[in-house]
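*Asks:* Got a structure for you, written out below as structure tokens; questions coming shortly.
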Amino acid sequence: MVRQPNSRSQKLSPEEIFLFVDNVKIAVKAGAGGKGAYSFYKDKYWRYKKPDGGDGGRGGNVIVRADKNFYTLYDFRYRQHFTAEKGGQGMSNRKKGRDGQDKIIVVPLGTLTIDSRTNCRLRELLEDSQEFIAARGGEGGKGSVHAKLEQELQGAPGEEKELILDLRLIADAGLIGFPNSGKSTLISKISNAHPKIAGYPFTTKEPVLGIVSREGAAFSVADIPGLIKDSHLGKGLGDRFLRHIERTKVLVHLMDMAGVDGRSPFEDYRVIKKELQSYSEEVFKKPVILVANKMDLPQAKENLALFKQKVKEMVISISALESQGLDRLLNAIQKKLLAHSS
Ligand SMILES: Nc1nc2c(ncn2[C@@H]2O[C@H](COP(=O)(O)OP(=O)(O)OP(=O)(O)O)[C@@H](O)[C@H]2O)c(=O)[nH]1
Ligand SMILES: [Mg+2]
């Protein structure tokens, strides 16, 4: 199951607008190794005391693990410090101390971990349950059975790091378009995602992931907040969410063909293309499926005819609201995904 954001009230403070968190800094500390036991054994049969102190346990590691049920780093706004357990002390009678428990940090798929002090990219987790040790626990100290020097009794300290977690969602297809073009209506009809839908711009304030299940196949779709002219300069909600379609294989560009908000669909098409190009050449070059939405409205047919005179690419006509043409669209997305799967 893909976790959906909680339903939120309509009025959000500027702070809350960016509830979807995709970059955080955290501090992690692995457990120190336990101390080796300094202990000796003597009974009536032995003339000298014999060492019998066991080794200390290993300190716990800090592990970063990907989980497909998470898709934001929001929780890290409330918790930034993670410490793994220390190793237990060694005991007499050669008993080894208990190993410290690992600390598991759960992150969404698509999270890159960077060591903030060295700026070194540690690992990017792209699959469910994939994990790596971000900070290693210290070795336990030697017990008096093994230790030659007193210093050897001490356990090694655990690694301490400051990590940056940077998320880029992983989805097969990304929905783009002007606010109110019907992106959320579409994703709610074709997938298990049910974002808020309303007739005012910027209803969607954070990316939403949905899974489309079809016979014998499934693919994921990301709905991101609408783009407008000069999004790349920060207008509207800006282009900050476009990073979440950087890894999609296919873009689905939705256009309000009825021009409900009084704009021309062709102008919208040009503006979005320009915004993509201003954002990055790589995103601009992604395969795009053009979709004429709101074809149930009277003005749409005439606008589509005009649009087709100016744009040579194929356009798929749908009405997301009335679930018209969705099968054709899904077939086209699947076909493009197959053609561009590496
Ligand atoms: N008539 C008609 N209205 C539609 C259609 N698709 C969406 N709408 C309406 O258009 C308005 C905007 O729809 P949304 O799905 O919220 O649009 P959006 O692109 O997600 O908008 P933002 O989240 O603001 O970027 C709503 O009132 C929808 O009911 C359609 O096919 N036909
Ligand atoms: Mg929306």
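Naming scheme: A, B, ... for chains in displayed order of the structure tokens; residues 1 onward per chain; ligands 1 onward as shown.
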Can you pull out every residue within 9 Å of range 160-169 of chain A, counting only C-alpha atoms, but drop anything in the same chain fewer than 3 positions away, and send it as a PyMOL selection string?

*Replies:* chain A and resi 21-30+71-73+107-117+134-136+157+207+209+222+243-248

*Asks:* Can you work out which residues are within 6 Å of ligand 1, considering only C-alpha atoms and all ligand atoms, and then hand them over as a list in words?

*Replies:*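 Answer in the requested format: Pro179, Asn180, Ser181, Gly182, Lys183, Ser184, Thr185, Ile197, Ala198, Gly199, Tyr200, Pro201, Phe202, Thr203, Thr204, Pro225, Gly226, Asn293, Lys294, Asp296, Leu297, Ser319, Ala320 and Leu321 of chain A.
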
*Asks:* Between A:Phe219, A:Phe284, A:Phe178, A:Phe266, single out the one closest to ligand 2, counting only C-alpha atoms and all ligand atoms.

*Replies:*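 Closest to ligand 2 of all the choices is A:Phe178.
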
*Asks:* Given the choices A:Ala217, A:Ile133, A:Ala339, A:Leu175, which gets closest to Leu254 in chain A if the distance is worked out from only C-alpha atoms?

*Replies:*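 Counting only C-alpha atoms, the residue closest to Leu254 in chain A is A:Leu175.
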
*Asks:* What does the structure give for the distance between CA of His232 in chain A and CA of Val288 in chain A, in Å to one decimal?

*Replies:*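 Between these atoms lies a distance of 19.3 Å.
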
*Asks:* Could you pull out the residues in range 123-298 of chain A that DSSP calls strand (DSSP E) from the backbone, as a ChimeraX atom specification?

*Replies:* /A:123-125,131-135,160-167,173-177,208-214,217-223,250-256,288-293

*Asks:* Include C-alpha atoms and write out the residues we just selected as a JSON list (two decimals), in the first residue's frame.

*Replies:*
[["chain", "number", "residue", "atom", "x", "y", "z"],
["A", 123, "ARG", "CA", 24.17, 5.32, -0.99],
["A", 124, "GLU", "CA", 20.93, 5.72, -2.88],
["A", 125, "LEU", "CA", 18.19, 3.26, -2.00],
["A", 131, "GLU", "CA", 19.59, -1.05, 3.36],
["A", 132, "PHE", "CA", 23.13, -0.09, 4.25],
["A", 133, "ILE", "CA", 25.18, 0.64, 7.35],
["A", 134, "ALA", "CA", 25.50, 4.40, 7.64],
["A", 135, "ALA", "CA", 27.51, 4.38, 10.87],
["A", 160, "GLU", "CA", 29.23, 9.50, 14.49],
["A", 161, "LYS", "CA", 28.00, 11.24, 11.37],
["A", 162, "GLU", "CA", 25.80, 14.00, 10.13],
["A", 163, "LEU", "CA", 23.72, 12.78, 7.25],
["A", 164, "ILE", "CA", 21.70, 14.56, 4.62],
["A", 165, "LEU", "CA", 18.72, 12.57, 3.37],
["A", 166, "ASP", "CA", 17.65, 13.73, -0.07],
["A", 167, "LEU", "CA", 14.53, 12.29, -1.64],
["A", 173, "ALA", "CA", 5.03, 8.31, -15.14],
["A", 174, "GLY", "CA", 4.76, 11.92, -13.97],
["A", 175, "LEU", "CA", 1.66, 14.09, -14.44],
["A", 176, "ILE", "CA", 2.41, 17.69, -15.33],
["A", 177, "GLY", "CA", 0.30, 20.62, -16.40],
["A", 208, "VAL", "CA", 1.24, 12.27, -4.54],
["A", 209, "LEU", "CA", 2.12, 8.77, -5.66],
["A", 210, "GLY", "CA", -0.39, 6.29, -7.03],
["A", 211, "ILE", "CA", -0.18, 2.76, -8.36],
["A", 212, "VAL", "CA", -2.06, 1.88, -11.53],
["A", 213, "SER", "CA", -2.96, -1.81, -11.57],
["A", 214, "ARG", "CA", -3.80, -3.29, -14.93],
["A", 217, "ALA", "CA", 1.08, -5.11, -15.09],
["A", 218, "ALA", "CA", 1.30, -2.24, -12.67],
["A", 219, "PHE", "CA", 3.06, 1.08, -12.85],
["A", 220, "SER", "CA", 3.37, 4.11, -10.61],
["A", 221, "VAL", "CA", 2.27, 7.65, -11.35],
["A", 222, "ALA", "CA", 3.22, 10.87, -9.58],
["A", 223, "ASP", "CA", 0.88, 13.86, -9.42],
["A", 250, "VAL", "CA", 7.47, 9.25, -19.16],
["A", 251, "LEU", "CA", 5.76, 12.60, -18.66],
["A", 252, "VAL", "CA", 2.02, 12.90, -19.11],
["A", 253, "HIS", "CA", 1.20, 16.49, -19.98],
["A", 254, "LEU", "CA", -2.40, 17.29, -19.17],
["A", 255, "MET", "CA", -4.06, 20.24, -20.85],
["A", 256, "ASP", "CA", -7.43, 21.80, -20.07],
["A", 288, "VAL", "CA", 5.91, 13.14, -23.31],
["A", 289, "ILE", "CA", 2.34, 12.04, -23.89],
["A", 290, "LEU", "CA", 0.08, 14.97, -24.66],
["A", 291, "VAL", "CA", -3.39, 14.68, -23.19],
["A", 292, "ALA", "CA", -6.38, 16.88, -24.01],
["A", 293, "ASN", "CA", -8.57, 16.79, -20.91]]
